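*Asks:* Just one file: coords.tsv, with TSV, C-alpha atoms.
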chain	number	residue	atom	x	y	z
A	1	MET	CA	0.00	0.00	0.00
A	2	SER	CA	1.35	3.46	-0.87
A	3	LEU	CA	2.16	5.97	1.85
A	4	VAL	CA	-0.70	8.16	0.59
A	5	LYS	CA	-3.24	5.36	0.85
A	6	LEU	CA	-1.86	4.31	4.23
A	7	SER	CA	-2.17	7.86	5.55
A	8	LEU	CA	-5.79	7.95	4.43
A	9	VAL	CA	-6.52	4.71	6.23
A	10	LEU	CA	-4.96	6.07	9.40
A	11	LEU	CA	-6.94	9.28	9.02
A	12	GLY	CA	-10.14	7.27	8.81
A	13	LEU	CA	-9.18	5.14	11.78
A	14	SER	CA	-8.37	8.21	13.84
A	15	SER	CA	-12.00	9.32	13.45
A	16	VAL	CA	-13.33	6.20	15.15
A	17	GLY	CA	-15.06	7.27	18.34
A	18	LEU	CA	-16.07	10.68	17.00
A	19	CYS	CA	-19.72	11.48	16.33
A	20	GLU	CA	-21.57	8.49	14.92
A	21	VAL	CA	-18.49	6.48	13.93
A	22	LEU	CA	-18.28	4.08	16.85
A	23	GLN	CA	-16.05	1.56	18.56
A	24	ASN	CA	-19.13	-0.61	19.14
A	25	PHE	CA	-22.66	-0.40	17.78
A	26	ASN	CA	-24.01	-0.91	21.29
A	27	ASP	CA	-22.58	2.50	22.20
A	28	VAL	CA	-25.78	3.89	20.67
A	29	PRO	CA	-28.87	1.85	21.67
A	30	SER	CA	-30.88	3.21	18.72
A	31	CYS	CA	-28.22	1.77	16.40
A	32	GLN	CA	-27.81	-1.47	18.31
A	33	ALA	CA	-31.55	-2.08	17.78
A	34	PHE	CA	-30.99	-2.80	14.06
A	35	PHE	CA	-29.36	-6.13	14.97
A	36	TYR	CA	-31.19	-9.27	16.05
A	37	GLN	CA	-31.13	-9.30	19.87
A	38	GLY	CA	-28.83	-6.28	19.67
A	39	GLN	CA	-25.78	-8.30	18.64
A	40	GLU	CA	-23.72	-7.41	15.58
A	41	PRO	CA	-22.13	-10.16	13.45
A	42	LEU	CA	-18.79	-11.60	14.51
A	43	GLY	CA	-15.77	-11.90	12.25
A	44	LEU	CA	-16.37	-9.16	9.68
A	45	ALA	CA	-14.87	-6.13	11.42
A	46	SER	CA	-11.17	-5.38	11.03
A	47	SER	CA	-8.65	-2.60	11.55
A	48	ASN	CA	-9.78	-1.15	8.20
A	49	THR	CA	-13.50	-0.98	8.96
A	50	ALA	CA	-15.57	1.71	10.66
A	51	ARG	CA	-18.92	1.26	12.38
A	52	ILE	CA	-21.34	3.94	11.24
A	53	CYS	CA	-24.75	4.70	12.73
A	54	GLN	CA	-26.45	6.12	9.66
A	55	ARG	CA	-28.14	9.27	10.86
A	56	LEU	CA	-30.06	11.92	8.91
A	57	GLN	CA	-31.55	15.04	10.46
A	58	GLY	CA	-31.09	13.66	13.96
A	59	LYS	CA	-32.67	10.24	13.40
A	60	TYR	CA	-31.01	6.84	13.05
A	61	TYR	CA	-32.07	4.62	10.15
A	62	TYR	CA	-29.61	1.69	9.91
A	63	ALA	CA	-26.09	0.56	10.77
A	64	THR	CA	-23.16	0.12	8.39
A	65	LEU	CA	-19.79	-1.60	8.69
A	66	TYR	CA	-17.74	0.39	6.18
A	67	HIS	CA	-14.40	-0.72	4.73
A	68	GLN	CA	-12.26	2.40	4.58
A	69	VAL	CA	-9.74	1.09	2.03
A	70	ALA	CA	-12.22	-0.64	-0.30
A	71	ARG	CA	-14.66	2.29	0.16
A	72	VAL	CA	-17.72	0.03	0.20
A	73	PRO	CA	-19.88	-1.31	3.03
A	74	ILE	CA	-19.01	-4.79	4.23
A	75	TYR	CA	-22.60	-4.99	5.44
A	76	SER	CA	-25.65	-2.97	6.38
A	77	ALA	CA	-28.03	-3.92	9.22
A	78	TYR	CA	-31.63	-2.73	9.10
A	79	ILE	CA	-35.25	-3.51	9.91
A	80	LEU	CA	-37.42	-4.37	6.91
A	81	GLU	CA	-40.17	-1.77	6.51
A	82	ILE	CA	-43.26	-1.29	4.35
A	83	SER	CA	-42.32	0.72	1.28
A	84	THR	CA	-44.94	3.43	0.93
A	85	THR	CA	-43.58	5.54	-1.90
A	86	SER	CA	-41.61	5.40	-5.13
A	87	ARG	CA	-37.84	5.79	-5.33
A	88	PRO	CA	-36.79	9.32	-4.27
A	89	ASP	CA	-35.91	11.68	-7.11
A	90	ILE	CA	-32.38	12.69	-6.14
A	91	SER	CA	-29.44	13.25	-8.46
A	92	SER	CA	-26.49	10.92	-7.88
A	93	SER	CA	-24.22	13.97	-7.73
A	94	ASN	CA	-26.06	15.06	-4.60
A	95	TRP	CA	-26.26	11.73	-2.76
A	96	TYR	CA	-25.17	11.96	0.86
A	97	LEU	CA	-21.67	11.67	2.31
A	98	GLU	CA	-20.45	10.93	5.85
A	99	PRO	CA	-18.28	13.81	7.14
A	100	MET	CA	-17.54	11.89	10.34
A	101	LEU	CA	-15.39	9.41	8.38
A	102	ALA	CA	-13.00	12.30	7.78
A	103	GLY	CA	-13.03	13.17	11.48
A	104	LEU	CA	-15.32	16.18	11.09
A	105	PRO	CA	-17.51	17.11	14.07
A	106	THR	CA	-20.97	16.41	12.69
A	107	LYS	CA	-23.33	13.53	13.42
A	108	ASP	CA	-25.55	13.62	10.33
A	109	MET	CA	-24.87	12.56	6.75
A	110	LEU	CA	-24.77	15.62	4.49
A	111	GLN	CA	-25.14	16.31	0.79
A	112	PRO	CA	-22.06	17.64	-1.07
A	113	SER	CA	-23.91	20.88	-1.75
A	114	HIS	CA	-24.44	21.55	1.97
A	115	SER	CA	-22.71	24.70	3.20
A	116	GLU	CA	-20.82	22.78	5.92
A	117	MET	CA	-19.19	20.60	3.25
A	118	GLN	CA	-17.75	23.29	1.01
A	119	SER	CA	-14.48	23.89	2.83
A	120	THR	CA	-13.86	20.21	3.64
A	121	LEU	CA	-15.16	18.38	0.56
A	122	ASN	CA	-11.68	17.33	-0.58
A	123	LEU	CA	-10.97	15.78	2.83
A	124	VAL	CA	-14.33	14.00	2.87
A	125	THR	CA	-13.74	12.72	-0.67
A	126	GLU	CA	-10.53	11.00	0.42
A	127	SER	CA	-12.33	9.18	3.24
A	128	GLN	CA	-15.07	7.51	1.14
A	129	ALA	CA	-16.46	6.86	-2.31
A	130	VAL	CA	-18.09	9.76	-4.17
A	131	ASN	CA	-20.07	10.32	-7.34
A	132	ASP	CA	-16.97	10.78	-9.53
A	133	ASP	CA	-15.79	7.26	-8.68
A	134	TYR	CA	-18.86	5.75	-10.33
A	135	ARG	CA	-19.35	8.22	-13.20
A	136	ASN	CA	-18.88	6.60	-16.64
A	137	SER	CA	-17.66	3.40	-14.98
A	138	GLY	CA	-20.22	1.14	-16.66
A	139	LEU	CA	-21.35	-0.11	-13.26
A	140	SER	CA	-24.40	0.78	-11.18
A	141	ARG	CA	-24.34	2.50	-7.82
A	142	GLY	CA	-25.66	-0.58	-6.06
A	143	HIS	CA	-27.59	-0.06	-2.83
A	144	VAL	CA	-26.34	-2.55	-0.26
A	145	ASN	CA	-29.33	-1.55	1.86
A	146	PRO	CA	-32.08	-1.10	-0.76
A	147	SER	CA	-34.38	1.90	-0.63
A	148	LEU	CA	-37.40	-0.28	-1.49
A	149	HIS	CA	-37.07	-1.95	1.92
A	150	HIS	CA	-37.90	1.29	3.71
A	151	SER	CA	-40.79	3.64	4.36
A	152	SER	CA	-41.05	7.03	2.71
A	153	GLU	CA	-39.42	8.69	5.71
A	154	SER	CA	-36.33	6.51	5.70
A	155	GLN	CA	-35.82	5.80	1.98
A	156	ILE	CA	-33.81	8.95	1.39
A	157	SER	CA	-31.28	7.90	4.04
A	158	THR	CA	-30.17	4.98	1.85
A	159	PHE	CA	-28.89	7.37	-0.82
A	160	THR	CA	-25.45	7.79	0.70
A	161	TYR	CA	-22.20	6.66	-0.86
A	162	THR	CA	-21.36	4.70	2.28
A	163	ASN	CA	-24.32	2.48	1.31
A	164	MET	CA	-23.15	1.92	-2.27
A	165	ALA	CA	-21.04	-0.76	-3.94
A	166	PRO	CA	-20.28	-1.08	-7.67
A	167	GLN	CA	-22.80	-3.50	-9.15
A	168	ASP	CA	-23.25	-4.86	-12.63
A	169	ALA	CA	-26.46	-3.40	-14.07
A	170	THR	CA	-27.70	-6.80	-15.27
A	171	PHE	CA	-27.30	-8.25	-11.78
A	172	ASN	CA	-28.71	-5.13	-10.12
A	173	SER	CA	-31.93	-5.24	-12.15
A	174	GLY	CA	-32.08	-9.02	-12.46
A	175	SER	CA	-31.74	-11.82	-9.91
A	176	TRP	CA	-30.70	-9.54	-7.04
A	177	ASN	CA	-33.66	-7.26	-7.60
A	178	GLN	CA	-35.94	-10.30	-7.64
A	179	TYR	CA	-34.62	-11.32	-4.23
A	180	GLU	CA	-35.13	-7.81	-2.84
A	181	LEU	CA	-38.72	-7.87	-4.11
A	182	PHE	CA	-39.18	-11.32	-2.52
A	183	LEU	CA	-38.21	-9.86	0.85
A	184	ARG	CA	-40.57	-6.91	0.46
A	185	ASP	CA	-43.55	-8.73	-1.04
A	186	GLN	CA	-43.43	-12.19	0.55
A	187	ILE	CA	-41.37	-12.06	3.74
A	188	LEU	CA	-42.43	-8.68	5.17
A	189	PRO	CA	-46.20	-9.45	5.27
A	190	THR	CA	-45.67	-12.74	7.14
A	191	CYS	CA	-43.31	-11.46	9.86
A	192	SER	CA	-43.93	-9.34	12.92
A	193	LYS	CA	-40.36	-8.03	12.58
A	194	THR	CA	-37.57	-8.82	10.12
A	195	TYR	CA	-33.89	-8.13	10.77
A	196	VAL	CA	-31.78	-7.97	7.61
A	197	LEU	CA	-28.03	-8.10	7.06
A	198	SER	CA	-26.97	-7.28	3.52
A	199	GLY	CA	-23.36	-7.10	2.41
A	200	VAL	CA	-20.63	-7.86	-0.09
A	201	ILE	CA	-17.60	-10.05	-0.65
A	202	LEU	CA	-14.67	-7.93	-1.81
A	203	SER	CA	-12.64	-8.88	-4.86
A	204	GLY	CA	-9.54	-7.54	-3.10
A	205	PHE	CA	-8.53	-5.68	0.03
A	206	THR	CA	-6.12	-3.15	-1.54
A	207	PRO	CA	-5.83	-1.68	-5.06
A	208	GLY	CA	-3.96	-4.14	-7.23
A	209	GLN	CA	-5.94	-7.05	-5.78
A	210	GLY	CA	-9.16	-7.79	-7.63
A	211	ARG	CA	-11.16	-5.21	-9.53
A	212	TRP	CA	-11.37	-1.50	-8.62
A	213	LEU	CA	-12.90	1.72	-9.88
A	214	ARG	CA	-10.18	4.35	-10.37
A	215	ASP	CA	-7.98	2.51	-7.85
A	216	ARG	CA	-10.32	3.75	-5.12
A	217	VAL	CA	-13.48	1.65	-4.93
A	218	ASN	CA	-13.50	-2.14	-4.87
A	219	VAL	CA	-15.88	-3.99	-7.18
A	220	PRO	CA	-17.29	-6.90	-5.12
A	221	THR	CA	-17.41	-10.40	-6.54
A	222	TYR	CA	-20.60	-11.22	-4.62
A	223	PHE	CA	-23.47	-9.57	-2.79
A	224	TRP	CA	-25.04	-11.48	0.10
A	225	SER	CA	-28.05	-11.12	2.37
A	226	ALA	CA	-29.43	-12.85	5.45
A	227	PHE	CA	-32.71	-12.22	7.23
A	228	CYS	CA	-34.18	-13.21	10.57
A	229	CYS	CA	-37.98	-13.10	10.56
A	230	GLU	CA	-39.87	-13.15	13.84
A	231	LEU	CA	-43.21	-14.87	13.29
A	232	GLY	CA	-46.38	-13.97	15.16
A	233	ASN	CA	-46.55	-17.41	16.79
A	234	GLY	CA	-43.15	-16.96	18.45
A	235	GLY	CA	-41.27	-18.91	15.80
A	236	ARG	CA	-38.55	-17.61	13.51
A	237	ARG	CA	-37.59	-17.98	9.88
A	238	VAL	CA	-34.03	-17.42	8.72
A	239	GLU	CA	-32.68	-17.54	5.16
A	240	THR	CA	-29.71	-16.26	3.21
A	241	ARG	CA	-28.81	-15.54	-0.41
A	242	LEU	CA	-25.52	-15.23	-2.28
A	243	GLY	CA	-25.53	-13.35	-5.60
A	244	ARG	CA	-22.77	-13.26	-8.20
A	245	ASN	CA	-21.85	-9.76	-9.41
A	246	SER	CA	-20.81	-11.07	-12.84
A	247	SER	CA	-22.14	-13.46	-15.47
A	248	PRO	CA	-24.17	-15.68	-15.02
A	249	TYR	CA	-25.52	-13.30	-12.30
A	250	ASP	CA	-27.07	-16.12	-10.30
A	251	THR	CA	-28.51	-15.60	-6.82
A	252	VAL	CA	-28.68	-18.81	-4.80
A	253	LYS	CA	-30.15	-19.77	-1.45
A	254	LYS	CA	-27.69	-20.88	1.23
A	255	SER	CA	-28.08	-22.10	4.77
A	256	VAL	CA	-26.81	-19.71	7.43
A	257	SER	CA	-23.88	-22.02	8.19
A	258	GLU	CA	-22.98	-22.27	4.49
A	259	LEU	CA	-22.90	-18.50	4.07
A	260	GLU	CA	-20.99	-18.07	7.32
A	261	GLY	CA	-18.43	-20.58	6.05
A	262	ILE	CA	-17.98	-18.69	2.78
A	263	LEU	CA	-17.61	-15.36	4.59
A	264	SER	CA	-15.20	-16.89	7.11
A	265	GLN	CA	-12.97	-18.08	4.29
A	266	GLU	CA	-13.09	-14.75	2.46
A	267	TYR	CA	-12.52	-12.53	5.50
A	268	GLY	CA	-10.11	-14.75	7.41
A	269	ALA	CA	-12.01	-15.08	10.69
A	270	PRO	CA	-14.90	-17.22	11.98
A	271	VAL	CA	-18.13	-15.41	11.07
A	272	SER	CA	-21.39	-15.59	13.00
A	273	LEU	CA	-24.21	-13.57	11.44
A	274	PHE	CA	-26.91	-13.88	14.10
A	275	GLN	CA	-25.19	-14.25	17.46
A	276	GLY	CA	-28.56	-14.29	19.18
A	277	GLY	CA	-29.45	-17.53	17.45
A	278	CYS	CA	-32.44	-17.05	15.10
A	279	GLN	CA	-32.53	-20.73	14.23
Can you turn what I pasted into structure tokens?
*Replies:*
Amino acid sequence: MSLVKLSLVLLGLSSVGLCEVLQNFNDVPSCQAFFYQGQEPLGLASSNTARICQRLQGKYYYATLYHQVARVPIYSAYILEISTTSRPDISSSNWYLEPMLAGLPTKDMLQPSHSEMQSTLNLVTESQAVNDDYRNSGLSRGHVNPSLHHSSESQISTFTYTNMAPQDATFNSGSWNQYELFLRDQILPTCSKTYVLSGVILSGFTPGQGRWLRDRVNVPTYFWSAFCCELGNGGRRVETRLGRNSSPYDTVKKSVSELEGILSQEYGAPVSLFQGGCQ
């Protein structure tokens, strides 16, 4: 890793503990509540990841484990909600950024056009992915936490570059979209509450390994998702999916243990997605 890239990693790590970038998600109970029984997954955090409580205008909407070198989320944790409106009409050039990743003293995500961002936009740009990384790349700005899984109030909060990962358009609109619709249309109505973890498998951990946009943003090889559905009768339903971000763009069902095994191998540590059980 170059000295420049290393310095940026250290800058990001130095911000941990400020504002809504946390040492532990349970430091903020409203953020801890996005995880089943309040317990985040084991084995996916590292020295290069930051825990973000995604907050907009003073309200928390979901939790993100963000990889500060790959500049994509390793996962997002959220509660599945009824989608009550169409996709927000917001230009990709004005999607939100997270000033706290650059160590700036603000708790809310902000748009690049916000007055508070003008003097520090270059610093913020070095700490995370931005619109220019994706422009003319041939890849979609793929929501790791999809807007269609949220109510009208919270949909807009998903349009932040800390919730994006480069995604092939065919995969984005094809098998992965079908799975996201399955969660919204078939799982949500049958559950009293549904906890979702949605994430990626990186193609490399530093530029030069795998595929990258402009040597800044990693292009994942896979997207994955796991949900824990609490049924009205006290039972639970748990399922996972693993989707390939390249041809043949297949999305396949896996058991929790199978997906945990794949993630453990990729990230080099034993992974447990639902520490609270949800069997």
*Asks:* Would you kindly return, as a list of chain:residue names, each protein, DNA or RNA residue with an atom no farther than 8 Å from any atom of stretch 242-245 of chain A, considering only C-alpha atoms and excluding same-chain residues fewer than 3 positions away?
*Replies:* A:Gln167, A:Asp168, A:Phe171, A:Ser175, A:Trp176, A:Pro220, A:Thr221, A:Tyr222, A:Phe223, A:Trp224, A:Ser225, A:Pro248, A:Tyr249, A:Asp250, A:Thr251, A:Val252, A:Lys253, A:Lys254, A:Leu259
*Asks:* Considering all atoms listed in the file, can you say which of A:Ser198, A:Ser115, A:Thr49, A:Asn136 comes closest to A:Leu183?
*Replies:* A:Ser198
*Asks:* Given all atoms listed in the file as the basis, pick out the residue of A:Ser127, A:Ala226, A:Ile156, A:Leu97 nearest to A:Ser113.
*Replies:* A:Leu97
*Asks:* When you count all atoms listed in the file, which of these residues is closest to A:Thr170: A:Ser247, A:Gln128, A:Gln275, A:Ser137?
*Replies:*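 Ranking A:Ser247, A:Gln128, A:Gln275, A:Ser137 by distance to A:Thr170, first place goes to A:Ser247.
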*Asks:* To one decimal place, how far is atom CA of A:Gln54 from atom CA of A:Glu98 in Å?
*Replies:* 8.6 Å
*Asks:* How close does each residue of stretch 107-226 of chain A get to stretch 84-90 of chain A, giving the shortest atom pair and distance in Å to one decimal for every residue with an atom at most 12 Å away, counting all atoms listed in the file, sorted by chain and residue number, as a Markdown table?
*Replies:*
| residue | atom | partner | partner_atom | distance |
| --- | --- | --- | --- | --- |
| A:Gln111 | CA | A:Ile90 | CA | 10.7 |
| A:Pro146 | CA | A:Arg87 | CA | 10.1 |
| A:Ser147 | CA | A:Arg87 | CA | 7.0 |
| A:Leu148 | CA | A:Arg87 | CA | 7.2 |
| A:His149 | CA | A:Thr84 | CA | 9.6 |
| A:His150 | CA | A:Thr84 | CA | 7.9 |
| A:Ser151 | CA | A:Thr84 | CA | 5.4 |
| A:Ser152 | CA | A:Thr85 | CA | 5.5 |
| A:Glu153 | CA | A:Thr84 | CA | 9.0 |
| A:Ser154 | CA | A:Thr84 | CA | 10.3 |
| A:Gln155 | CA | A:Pro88 | CA | 7.2 |
| A:Ile156 | CA | A:Pro88 | CA | 6.4 |
| A:Ser157 | CA | A:Pro88 | CA | 10.1 |
| A:Thr158 | CA | A:Pro88 | CA | 10.0 |
| A:Phe159 | CA | A:Ile90 | CA | 8.3 |
| A:Thr160 | CA | A:Ile90 | CA | 10.9 |
| A:Arg184 | CA | A:Thr84 | CA | 11.2 |
*Asks:* Please produce an output containing C-alpha atoms for each residue in the selection, written as a CSV table (one decimal), keeping the file's coordinate frame.
*Replies:*
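Below you can see selection.csv, which holds the result:
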chain,number,residue,atom,x,y,z
A,111,GLN,CA,-25.1,16.3,0.8
A,146,PRO,CA,-32.1,-1.1,-0.8
A,147,SER,CA,-34.4,1.9,-0.6
A,148,LEU,CA,-37.4,-0.3,-1.5
A,149,HIS,CA,-37.1,-2.0,1.9
A,150,HIS,CA,-37.9,1.3,3.7
A,151,SER,CA,-40.8,3.6,4.4
A,152,SER,CA,-41.0,7.0,2.7
A,153,GLU,CA,-39.4,8.7,5.7
A,154,SER,CA,-36.3,6.5,5.7
A,155,GLN,CA,-35.8,5.8,2.0
A,156,ILE,CA,-33.8,9.0,1.4
A,157,SER,CA,-31.3,7.9,4.0
A,158,THR,CA,-30.2,5.0,1.8
A,159,PHE,CA,-28.9,7.4,-0.8
A,160,THR,CA,-25.4,7.8,0.7
A,184,ARG,CA,-40.6,-6.9,0.5
*Asks:* Quick one: pull the distance between atom CA of A:Gly38 and atom CA of A:Leu110, Å, one decimal.
*Replies:* 27.0 Å
